[in-house]
Structure formats: structure tokens, C-alpha cells
file model.txt (compact mmCIF, C-alpha atoms)
# COMPACT_ATOMS: atom_id res chain seq x y z
CA MET T 21 58.56 -53.96 -17.73
CA SER T 22 56.50 -50.96 -18.80
CA GLY T 23 55.33 -49.80 -15.38
CA PHE T 24 58.48 -47.94 -14.30
CA GLN T 25 59.27 -44.93 -16.45
CA GLU T 26 60.93 -42.67 -13.85
CA VAL T 27 63.46 -44.22 -11.46
CA VAL T 28 65.35 -42.24 -8.81
CA VAL T 29 68.36 -43.66 -6.95
CA HIS T 30 69.95 -42.13 -3.86
CA VAL T 31 73.72 -41.62 -3.81
CA ASN T 32 75.76 -40.44 -0.82
CA ASP T 33 78.92 -42.53 -1.20
CA GLU T 34 80.58 -44.78 -3.77
CA ALA T 35 80.87 -48.27 -2.26
CA ILE T 36 77.36 -48.77 -0.90
CA SER T 37 75.40 -46.47 -3.20
CA GLY T 38 77.22 -48.01 -6.15
CA GLN T 39 75.24 -51.25 -5.70
CA ALA T 40 71.96 -49.31 -5.73
CA VAL T 41 73.03 -47.44 -8.87
CA GLU T 42 73.98 -50.72 -10.56
CA LEU T 43 70.55 -52.19 -9.79
CA ALA T 44 68.76 -49.00 -10.85
CA ALA T 45 70.63 -48.93 -14.15
CA ALA T 46 69.85 -52.60 -14.88
CA LEU T 47 66.13 -52.04 -14.25
CA ALA T 48 66.09 -48.77 -16.22
CA ALA T 49 67.81 -50.46 -19.16
CA GLU T 50 65.12 -53.17 -19.29
CA SER T 51 62.20 -50.77 -19.08
CA GLY T 52 63.57 -47.79 -20.99
CA ALA T 53 63.04 -45.67 -17.88
CA THR T 54 64.61 -42.31 -17.18
CA LEU T 55 67.18 -42.66 -14.39
CA THR T 56 68.08 -39.88 -11.96
CA ALA T 57 70.77 -40.09 -9.29
CA LEU T 58 70.00 -37.79 -6.37
CA LEU T 59 73.28 -36.83 -4.73
CA ALA T 60 72.21 -36.04 -1.19
CA ALA T 61 74.23 -36.28 2.03
CA ALA T 62 73.54 -35.11 5.56
CA PRO T 63 74.09 -31.36 6.08
CA VAL T 64 77.45 -30.34 7.53
CA ASN T 65 77.19 -29.79 11.27
CA VAL T 66 79.91 -27.75 13.01
CA GLY T 67 78.08 -27.35 16.31
CA LEU T 68 76.07 -24.51 17.75
CA SER T 69 78.72 -21.82 17.41
CA LEU T 70 77.64 -18.91 15.24
CA SER T 71 81.06 -17.31 14.89
CA ALA T 72 82.23 -16.08 11.50
CA GLU T 73 85.04 -18.62 11.59
CA SER T 74 82.62 -21.53 12.16
CA ALA T 75 80.31 -20.29 9.41
CA ALA T 76 83.20 -20.08 6.97
CA LEU T 77 84.34 -23.58 7.94
CA ALA T 78 80.84 -24.95 7.39
CA GLN T 79 80.63 -23.35 3.96
CA GLN T 80 84.04 -24.79 2.99
CA LEU T 81 83.06 -28.27 4.18
CA GLU T 82 79.78 -28.08 2.26
CA ARG T 83 81.60 -27.09 -0.93
CA GLU T 84 84.00 -29.99 -0.50
CA GLN T 85 81.13 -32.38 0.18
CA ARG T 86 79.25 -31.25 -2.91
CA ALA T 87 82.38 -31.57 -5.05
CA SER T 88 83.04 -35.07 -3.68
CA LEU T 89 79.44 -36.17 -4.31
CA ARG T 90 79.54 -34.77 -7.84
CA ALA T 91 82.76 -36.68 -8.57
CA ILE T 92 81.26 -39.91 -7.16
CA GLY T 93 78.13 -39.47 -9.24
CA GLU T 94 80.12 -38.87 -12.39
CA ARG T 95 82.24 -42.00 -11.87
CA LEU T 96 79.17 -44.14 -11.23
CA ALA T 97 77.42 -42.65 -14.25
CA VAL T 98 80.34 -43.52 -16.53
CA ALA T 99 80.48 -47.08 -15.18
CA VAL T 100 76.79 -47.88 -15.71
CA GLN T 101 76.80 -46.19 -19.11
CA GLU T 102 79.50 -48.61 -20.18
CA ARG T 103 77.78 -51.68 -18.69
CA HIS T 104 74.11 -50.94 -19.37
CA GLY T 105 74.01 -48.16 -21.94
CA VAL T 106 71.96 -46.03 -19.54
CA THR T 107 72.41 -42.30 -19.09
CA ILE T 108 72.02 -40.99 -15.54
CA GLU T 109 70.95 -37.45 -14.78
CA LEU T 110 72.85 -36.20 -11.72
CA ARG T 111 71.10 -33.86 -9.29
CA LEU T 112 72.69 -32.35 -6.18
CA ALA T 113 70.40 -31.72 -3.21
CA ASP T 114 71.03 -29.60 -0.13
CA GLY T 115 69.50 -30.01 3.31
CA ASP T 116 67.86 -33.10 4.75
CA PRO T 117 68.39 -36.00 2.30
CA VAL T 118 65.11 -37.67 3.35
CA GLU T 119 63.13 -34.55 2.50
CA ALA T 120 64.92 -34.28 -0.85
CA LEU T 121 64.14 -37.93 -1.62
CA ARG T 122 60.50 -37.46 -0.63
CA ALA T 123 60.20 -34.50 -2.99
CA HIS T 124 61.64 -36.48 -5.90
CA ALA T 125 59.48 -39.50 -5.08
CA ARG T 126 56.34 -37.46 -5.83
CA VAL T 127 57.15 -37.62 -9.53
CA ALA T 128 58.87 -41.01 -9.65
CA ASP T 129 57.67 -44.57 -10.16
CA LEU T 130 60.38 -46.19 -8.06
CA LEU T 131 62.86 -44.93 -5.48
CA ILE T 132 66.00 -47.01 -4.87
CA THR T 133 68.06 -46.54 -1.71
CA SER T 134 70.79 -48.37 0.22
CA GLN T 135 70.89 -49.81 3.70
CA ARG T 136 73.41 -48.09 5.99
CA ASP T 137 76.59 -49.99 6.81
CA PRO T 138 77.31 -49.25 10.50
CA THR T 139 81.02 -49.02 9.72
CA ARG T 140 80.63 -46.52 6.87
CA VAL T 141 78.77 -43.33 6.02
CA GLY T 142 76.92 -44.50 2.91
CA GLY T 143 73.27 -45.43 2.59
CA LEU T 144 70.39 -44.51 4.89
CA SER T 145 70.04 -45.38 8.57
CA THR T 146 67.01 -47.33 9.78
CA GLY T 147 65.50 -44.10 11.08
CA GLN T 148 66.01 -42.31 7.76
CA SER T 149 64.59 -45.26 5.83
CA ALA T 150 61.56 -45.28 8.12
CA ARG T 151 60.92 -41.57 7.62
CA LEU T 152 61.28 -41.99 3.87
CA LEU T 153 58.98 -45.00 3.74
CA VAL T 154 56.20 -43.37 5.74
CA GLY T 155 56.32 -40.17 3.69
CA SER T 156 57.13 -41.49 0.21
CA ALA T 157 54.61 -41.23 -2.61
CA CYS T 158 56.11 -44.18 -4.49
CA PRO T 159 57.53 -47.61 -3.56
CA VAL T 160 60.98 -47.75 -2.00
CA LEU T 161 63.39 -50.51 -3.03
CA THR T 162 66.21 -50.84 -0.48
CA VAL T 163 69.49 -52.59 -1.32
CA PRO T 164 71.36 -54.34 1.54
CA HIS T 165 74.90 -53.29 2.34
CA VAL T 166 76.28 -56.85 2.65
CA GLY T 167 75.68 -60.27 1.15
CA TRP T 168 74.35 -58.99 -2.15
CA SER T 169 75.92 -57.84 -5.40
CA ALA T 170 74.07 -56.38 -8.36
CA THR T 171 76.94 -57.10 -10.74
CA ALA T 172 77.01 -60.76 -9.68
CA LEU T 173 73.27 -61.17 -10.11
CA THR T 174 73.28 -59.65 -13.58
CA ARG T 175 75.32 -62.67 -14.66
CA ARG T 176 72.50 -65.05 -13.71
CA LYS T 177 70.86 -66.72 -16.66
CA SER T 178 67.45 -65.83 -15.23
CA GLY T 179 68.38 -62.17 -14.88
CA ILE T 180 68.22 -59.79 -11.94
CA LEU T 181 65.32 -59.65 -9.44
CA CYS T 182 63.63 -62.61 -11.11
CA ARG T 183 62.88 -64.75 -8.03
CA ALA T 184 60.46 -62.81 -5.85
CA LEU T 185 58.98 -63.54 -2.44
CA VAL T 186 55.79 -61.59 -1.69
CA ALA T 187 54.85 -61.34 1.99
CA TRP T 188 51.08 -60.97 2.13
CA ALA T 189 48.84 -59.70 4.90
CA ASP T 190 45.24 -58.59 4.47
CA THR T 191 46.10 -54.90 4.89
CA ARG T 192 46.18 -51.72 2.84
CA GLU T 193 49.98 -51.53 3.05
CA SER T 194 50.43 -55.07 1.77
CA ALA T 195 47.99 -54.51 -1.08
CA ARG T 196 49.73 -51.31 -2.11
CA ALA T 197 53.12 -53.04 -2.13
CA LEU T 198 51.68 -55.81 -4.30
CA HIS T 199 50.29 -53.31 -6.81
CA ASP T 200 53.45 -51.20 -6.81
CA ALA T 201 55.63 -54.26 -7.42
CA LEU T 202 53.68 -55.51 -10.43
CA PRO T 203 56.24 -54.26 -12.99
CA LEU T 204 58.86 -56.38 -11.21
CA LEU T 205 56.62 -59.38 -10.59
CA GLU T 206 55.46 -59.47 -14.24
CA ARG T 207 59.07 -60.02 -15.35
CA ALA T 208 59.94 -62.54 -12.62
CA SER T 209 60.56 -66.19 -13.42
CA GLN T 210 59.33 -67.30 -9.99
CA VAL T 211 56.97 -65.65 -7.51
CA ASP T 212 56.18 -67.13 -4.10
CA LEU T 213 53.20 -65.62 -2.27
CA ILE T 214 53.37 -66.33 1.45
CA GLN T 215 51.21 -65.45 4.45
CA PHE T 216 52.20 -66.14 8.06
CA VAL T 217 49.48 -66.97 10.59
CA HIS T 218 49.46 -68.10 14.21
CA ALA T 219 48.83 -71.79 14.75
CA ASP T 220 45.98 -71.05 17.17
CA GLN T 221 43.90 -69.13 14.63
CA GLY T 222 41.75 -72.21 14.13
CA ASP T 223 40.23 -72.86 10.69
CA LEU T 224 42.68 -71.63 8.07
CA SER T 225 40.46 -72.38 5.07
CA SER T 226 39.19 -68.80 4.78
CA ILE T 227 42.77 -67.48 4.92
CA ARG T 228 43.83 -69.87 2.17
CA GLU T 229 40.84 -68.85 0.06
CA SER T 230 41.75 -65.19 0.51
CA LEU T 231 45.36 -65.88 -0.46
CA ASP T 232 44.20 -67.82 -3.51
CA ARG T 233 42.22 -64.75 -4.61
CA VAL T 234 45.41 -62.71 -4.40
CA ALA T 235 47.19 -65.32 -6.51
CA GLY T 236 44.29 -65.17 -8.95
CA TYR T 237 44.67 -61.40 -9.19
CA LEU T 238 48.36 -61.81 -9.98
CA GLY T 239 47.46 -64.42 -12.58
CA LYS T 240 45.36 -61.83 -14.42
CA HIS T 241 48.56 -59.80 -14.75
CA GLY T 242 50.47 -62.75 -16.12
CA VAL T 243 52.16 -63.59 -12.81
CA ALA T 244 52.06 -67.30 -11.94
CA ALA T 245 52.43 -67.12 -8.17
CA VAL T 246 52.71 -70.11 -5.84
CA ALA T 247 50.58 -69.34 -2.75
CA LYS T 248 51.43 -70.75 0.67
CA VAL T 249 50.04 -70.21 4.19
CA VAL T 250 52.67 -70.77 6.88
CA SER T 251 51.45 -71.53 10.38
CA GLN T 252 53.67 -70.42 13.25
CA ALA T 253 53.42 -71.17 16.93
CA GLU T 254 52.77 -68.26 19.26
CA PRO T 255 56.13 -67.23 20.79
CA SER T 256 56.68 -68.16 24.42
CA GLN T 257 57.21 -65.59 27.15
CA GLY T 258 60.93 -66.39 27.09
CA GLU T 259 61.11 -65.79 23.34
CA ARG T 260 59.26 -62.51 23.79
CA MET T 261 61.80 -61.39 26.36
CA LEU T 262 64.73 -62.41 24.15
CA ARG T 263 63.20 -60.44 21.29
CA SER T 264 62.58 -57.37 23.46
CA GLY T 265 58.85 -57.97 23.52
CA THR T 266 58.50 -57.90 19.73
CA PRO T 267 57.06 -61.23 18.54
CA ASP T 268 56.80 -59.90 14.98
CA ILE T 269 60.58 -60.31 14.73
CA ALA T 270 59.98 -64.06 14.37
CA VAL T 271 57.95 -63.38 11.23
CA ALA T 272 60.75 -61.29 9.73
CA GLU T 273 63.28 -64.00 10.53
CA ALA T 274 61.04 -66.66 8.98
CA LEU T 275 60.56 -64.50 5.90
CA LEU T 276 64.30 -64.07 5.41
CA SER T 277 64.84 -67.80 5.99
CA HIS T 278 62.21 -68.69 3.39
CA ALA T 279 63.79 -66.25 0.94
CA THR T 280 67.09 -68.09 1.38
CA ASP T 281 65.43 -71.48 0.92
CA ILE T 282 63.96 -70.52 -2.47
CA ASP T 283 67.00 -68.48 -3.54
CA ALA T 284 64.89 -65.32 -3.82
CA ASP T 285 66.57 -62.10 -4.88
CA LEU T 286 63.65 -59.79 -4.04
CA ILE T 287 61.19 -59.45 -1.16
CA VAL T 288 57.96 -57.46 -1.57
CA MET T 289 56.08 -56.39 1.54
CA GLY T 290 54.01 -53.64 3.08
CA GLY T 291 55.86 -51.12 5.23
CA TYR T 292 54.13 -50.52 8.54
CA GLY T 293 54.59 -47.41 10.62
CA HIS T 294 53.06 -44.11 11.62
CA THR T 295 54.19 -40.78 12.96
CA ARG T 296 53.31 -39.21 16.26
CA LEU T 297 54.03 -35.66 17.30
CA TRP T 298 57.41 -36.60 18.75
CA GLU T 299 58.38 -39.95 17.32
CA LEU T 300 58.17 -42.38 14.43
CA VAL T 301 56.77 -45.80 15.25
CA LEU T 302 57.60 -48.78 13.04
CA GLY T 303 56.04 -52.22 13.01
CA GLY T 304 58.29 -55.03 14.25
CA VAL T 305 58.53 -56.82 10.91
CA THR T 306 59.28 -53.59 9.05
CA ARG T 307 62.03 -52.51 11.43
CA THR T 308 63.64 -55.95 11.51
CA MET T 309 63.67 -56.17 7.71
CA LEU T 310 65.23 -52.72 7.40
CA GLU T 311 67.95 -53.73 9.84
CA THR T 312 68.68 -57.33 8.76
CA MET T 313 67.81 -57.63 5.06
CA THR T 314 70.14 -59.71 2.92
CA ILE T 315 68.45 -59.15 -0.46
CA PRO T 316 66.66 -56.09 -1.91
CA VAL T 317 63.31 -55.36 -0.30
CA LEU T 318 60.52 -53.37 -1.92
CA MET T 319 58.20 -51.69 0.59
CA SER T 320 55.18 -49.45 0.20
CA HIS T 321 53.32 -47.62 2.92
call {"tool": "encode", "arguments": {"input": "model.txt", "output": "C-alpha cells"}}
result
Amino acid sequence: MSGFQEVVVHVNDEAISGQAVELAAALAAESGATLTALLAAAPVNVGLSLSAESAALAQQLEREQRASLRAIGERLAVAVQERHGVTIELRLADGDPVEALRAHARVADLLITSQRDPTRVGGLSTGQSARLLVGSACPVLTVPHVGWSATALTRRKSGILCRALVAWADTRESARALHDALPLLERASQVDLIQFVHADQGDLSSIRESLDRVAGYLGKHGVAAVAKVVSQAEPSQGERMLRSGTPDIAVAEALLSHATDIDADLIVMGGYGHTRLWELVLGGVTRTMLETMTIPVLMSH
């Protein structure tokens, strides 16, 4: 896996971020990549008061937070050094963690983050992940907070992240994700290339031909992908209402179901979204995957 030479992993707690660090260390060990852990948590907020007492409290809380993050990073670094023989450079970042991650992504090949557990403080929220994805200069690999364990997967005979599911759409975002994921796909033992279409699209031969060309491209990189077009019925009005008017959620659900069926441990897909002056708008599939993923998902925008 020669494509990744600079890997950055986000750390803001021990339990959830620890899985991301474990995965990052395993990948770095295989590729000989440099691994950096960015210790970045949300800024301390003590309200709008500008009193000297509040300012002193904020400074004390920030010092404690930085000390806690440093200690977490050092413990994780020792653990992965013992298991993988990988040295992690620890960097503390102040301010908005998304902005700090974006800055580091400009000179990284892969950024690894964690999905937020609603009951804990670790990882990134869906909103933070969306901001990072839209503004990141490199692919973002997000690790789910439940149902997945890097240490368990490293004991597989086939290795870690070796059964990949690539969700294809004829878009720039999907193509970029495919290209960015090549270092992972080239080492995979199984790659399924899947495209979802509506059943009423008529003749699907041209879609299959296009997907076969994508599989052919992967073949030139030594990736033997199995291509499949999946036809789905258009959701009914009732289904649209149940899904809050977002029919794309059905695609995300089908993608996760297919990943389970083939025992995939990685999903590769384009990340869809754009910024407006006052809001960030995500595509339905992207948002649903960020919220409900059960295995690591690599996205590129």
C-alpha cells in the first residue's frame, strides 16, 4: 500500500478515538506511513460573561483539557507502538477542531476520524463531519462508534479493511472517492462495485456498460472488482413521509444491508454536500451514512 505516506488521526477522547488510532496505526504499519495524532477538542465555553473570574476559569479549564488530551494521546501512542511498532507524533490544536483537521488534511494523504457517540463526548458530530468532508483536501475515513472493533478485525486471516464495498454513481464525488481509495482497494481481497438505480429508468444496458468500464479501470490497478447494478423501486408517498421526504435514505439502508451480506469491513463512496451562506446542506445518502454507519466509511468530496 504505497499510496498513503502521511496519515492523520483525530483524537478527542480515549474510548472512541482509540478505535480510530488502532486502525490508523495498522494502516500506517502496512504502508510505512508517517502517523500523526491531532489532539483537538471543542474550545472551552463558559458563557458570554467577560469578567476576570470567568476568564481565569476558562484558562484553567483549557489547561486541564490540554493536559488530559496529552495524557490520552500518550497512552494511545504507547499501546499502538507495542502492537504495531508504529510511532505516533502527537500534536495539540487549539480552537475549532474541524478547522485544525482541515489545515492538517492539506498535507495528508488520509484523515481518520470517529463517529460521535450520542452518550459520550468523543468523535465528531454529524455536523462536524459534514463540515470536514466538504472542506477537506484529502479523503476522510470515519470509524463508527459501535459494532466495530479494529483490534478484533486485525485478528482476521484476511487482514483489516480487506473486504470493500464501493458505492458508484456517475459523479465527480464518486470518482474522486474511487481514486482516493485505490491504496486500500489494491490491498483488498474482495471488492464489490455496486450502483443503485430506479426500476423505472428503462434500459439499464448503458448503465451496466458504464459500470463495467469502472471495473475495467480498477482492473488496470490490480483490483478485481465484481460489478453489480441494483434496481430499486421508487419509494411510495407513504415511504417518503416516513423517511421525512428523503428517498435517498433507502439507498443508504440498502448499501449498509449489502455490506452486511458480503461481510464488508469498508465502504467507499462520494460525499455529497455544499455550503450556503448560512447553512451546510448534505445529500440524503451522505447524512444517513454518517449517522448510521456500522463499518468504516471512506468519503471524498
call {"tool": "atom_distance", "arguments": {"input": "model.txt", "atom1": "CA of Val154 in chain T", "atom2": "CA of Gln85 in chain T"}}
result
27.8 Å
call {"tool": "closest_residue", "arguments": {"input": "model.txt", "among": "T:Ala49, T:Leu130, T:Ile282, T:Ile269", "to": "Thr312 in chain T", "atoms": "all atoms listed in the file"}}
result
T:Ile269
call {"tool": "closest_residue", "arguments": {"input": "model.txt", "among": "T:Glu206, T:Glu94, T:Glu193, T:Asp116", "to": "Gly23 in chain T", "atoms": "all atoms listed in the file"}}
result
T:Glu206
call {"tool": "residues_around", "arguments": {"input": "model.txt", "residues": "Ala184 in chain T", "least_positions_apart": "2", "cutoff": "8 Å", "atoms": "all atoms listed in the file", "output": "PyMOL selection string"}}
result
chain T and resi 181-182+186+205+208+210-212+284-288
call {"tool": "atom_distance", "arguments": {"input": "model.txt", "atom1": "CA of Val160 in chain T", "atom2": "CA of Glu82 in chain T"}}
result
27.5 Å
call {"tool": "closest_residue", "arguments": {"input": "model.txt", "among": "T:Leu161, T:Ala91, T:Leu231, T:Leu310", "to": "Val27 in chain T", "atoms": "all atoms listed in the file"}}
result
T:Leu161
call {"tool": "closest_residue", "arguments": {"input": "model.txt", "among": "T:Ala189, T:His241, T:Arg83, T:Arg103", "to": "Tyr292 in chain T", "atoms": "only C-alpha atoms"}}
result
T:Ala189
call {"tool": "residues_near_point", "arguments": {"input": "model.txt", "point": "(46.0, -52.3, 4.8)", "cutoff": "12 Å", "atoms": "only C-alpha atoms", "output": "PyMOL selection string"}}
result
chain T and resi 188-198+289-293+320-321
call {"tool": "atom_distance", "arguments": {"input": "model.txt", "atom1": "CA of Ile227 in chain T", "atom2": "CA of Val243 in chain T"}}
result
20.4 Å
call {"tool": "closest_residue", "arguments": {"input": "model.txt", "among": "T:Ala78, T:Met309, T:Ala60, T:Ala99", "to": "Ala46 in chain T", "atoms": "all atoms listed in the file"}}
result
T:Ala99
call {"tool": "closest_residue", "arguments": {"input": "model.txt", "among": "T:Thr107, T:Val31, T:Glu73, T:Arg183", "to": "Arg86 in chain T", "atoms": "only C-alpha atoms"}}
result
T:Val31
call {"tool": "residues_around", "arguments": {"input": "model.txt", "residues": "Gly143 in chain T", "least_positions_apart": "4", "cutoff": "7 Å", "atoms": "all atoms listed in the file", "output": "PyMOL selection string"}}
result
chain T and resi 32+36-37+133-136
call {"tool": "write_last_selection", "arguments": {"input": "model.txt", "atoms": "C-alpha atoms", "output": "compact mmCIF listing (two decimals), in the coordinates of the input"}}
result
# COMPACT_ATOMS: atom_id res chain seq x y z
CA ASN T 32 75.76 -40.44 -0.82
CA ILE T 36 77.36 -48.77 -0.90
CA SER T 37 75.40 -46.47 -3.20
CA THR T 133 68.06 -46.54 -1.71
CA SER T 134 70.79 -48.37 0.22
CA GLN T 135 70.89 -49.81 3.70
CA ARG T 136 73.41 -48.09 5.99
call {"tool": "residues_near_point", "arguments": {"input": "model.txt", "point": "(72.2, -42.0, -1.9)", "cutoff": "12 Å", "atoms": "all atoms listed in the file", "output": "MDAnalysis selection string"}}
result
chainID T and resid 28:41 44 56:62 89:90 92:93 96 110:113 116:118 120:121 131:136 141:145 148:149 162:163
call {"tool": "residues_around", "arguments": {"input": "model.txt", "residues": "Pro203 in chain T", "least_positions_apart": "2", "cutoff": "9 Å", "atoms": "only C-alpha atoms", "output": "list in words"}}
result
Met21, Ser22, Gly23, Phe24, His199, Asp200, Ala201, Leu205, Glu206 and Arg207 of chain T
call {"tool": "residues_around", "arguments": {"input": "model.txt", "residues": "Ala45 in chain T", "least_positions_apart": "5", "cutoff": "7 Å", "atoms": "all atoms listed in the file", "output": "list of chain:residue names"}}
result
T:Val100, T:His104, T:Val106
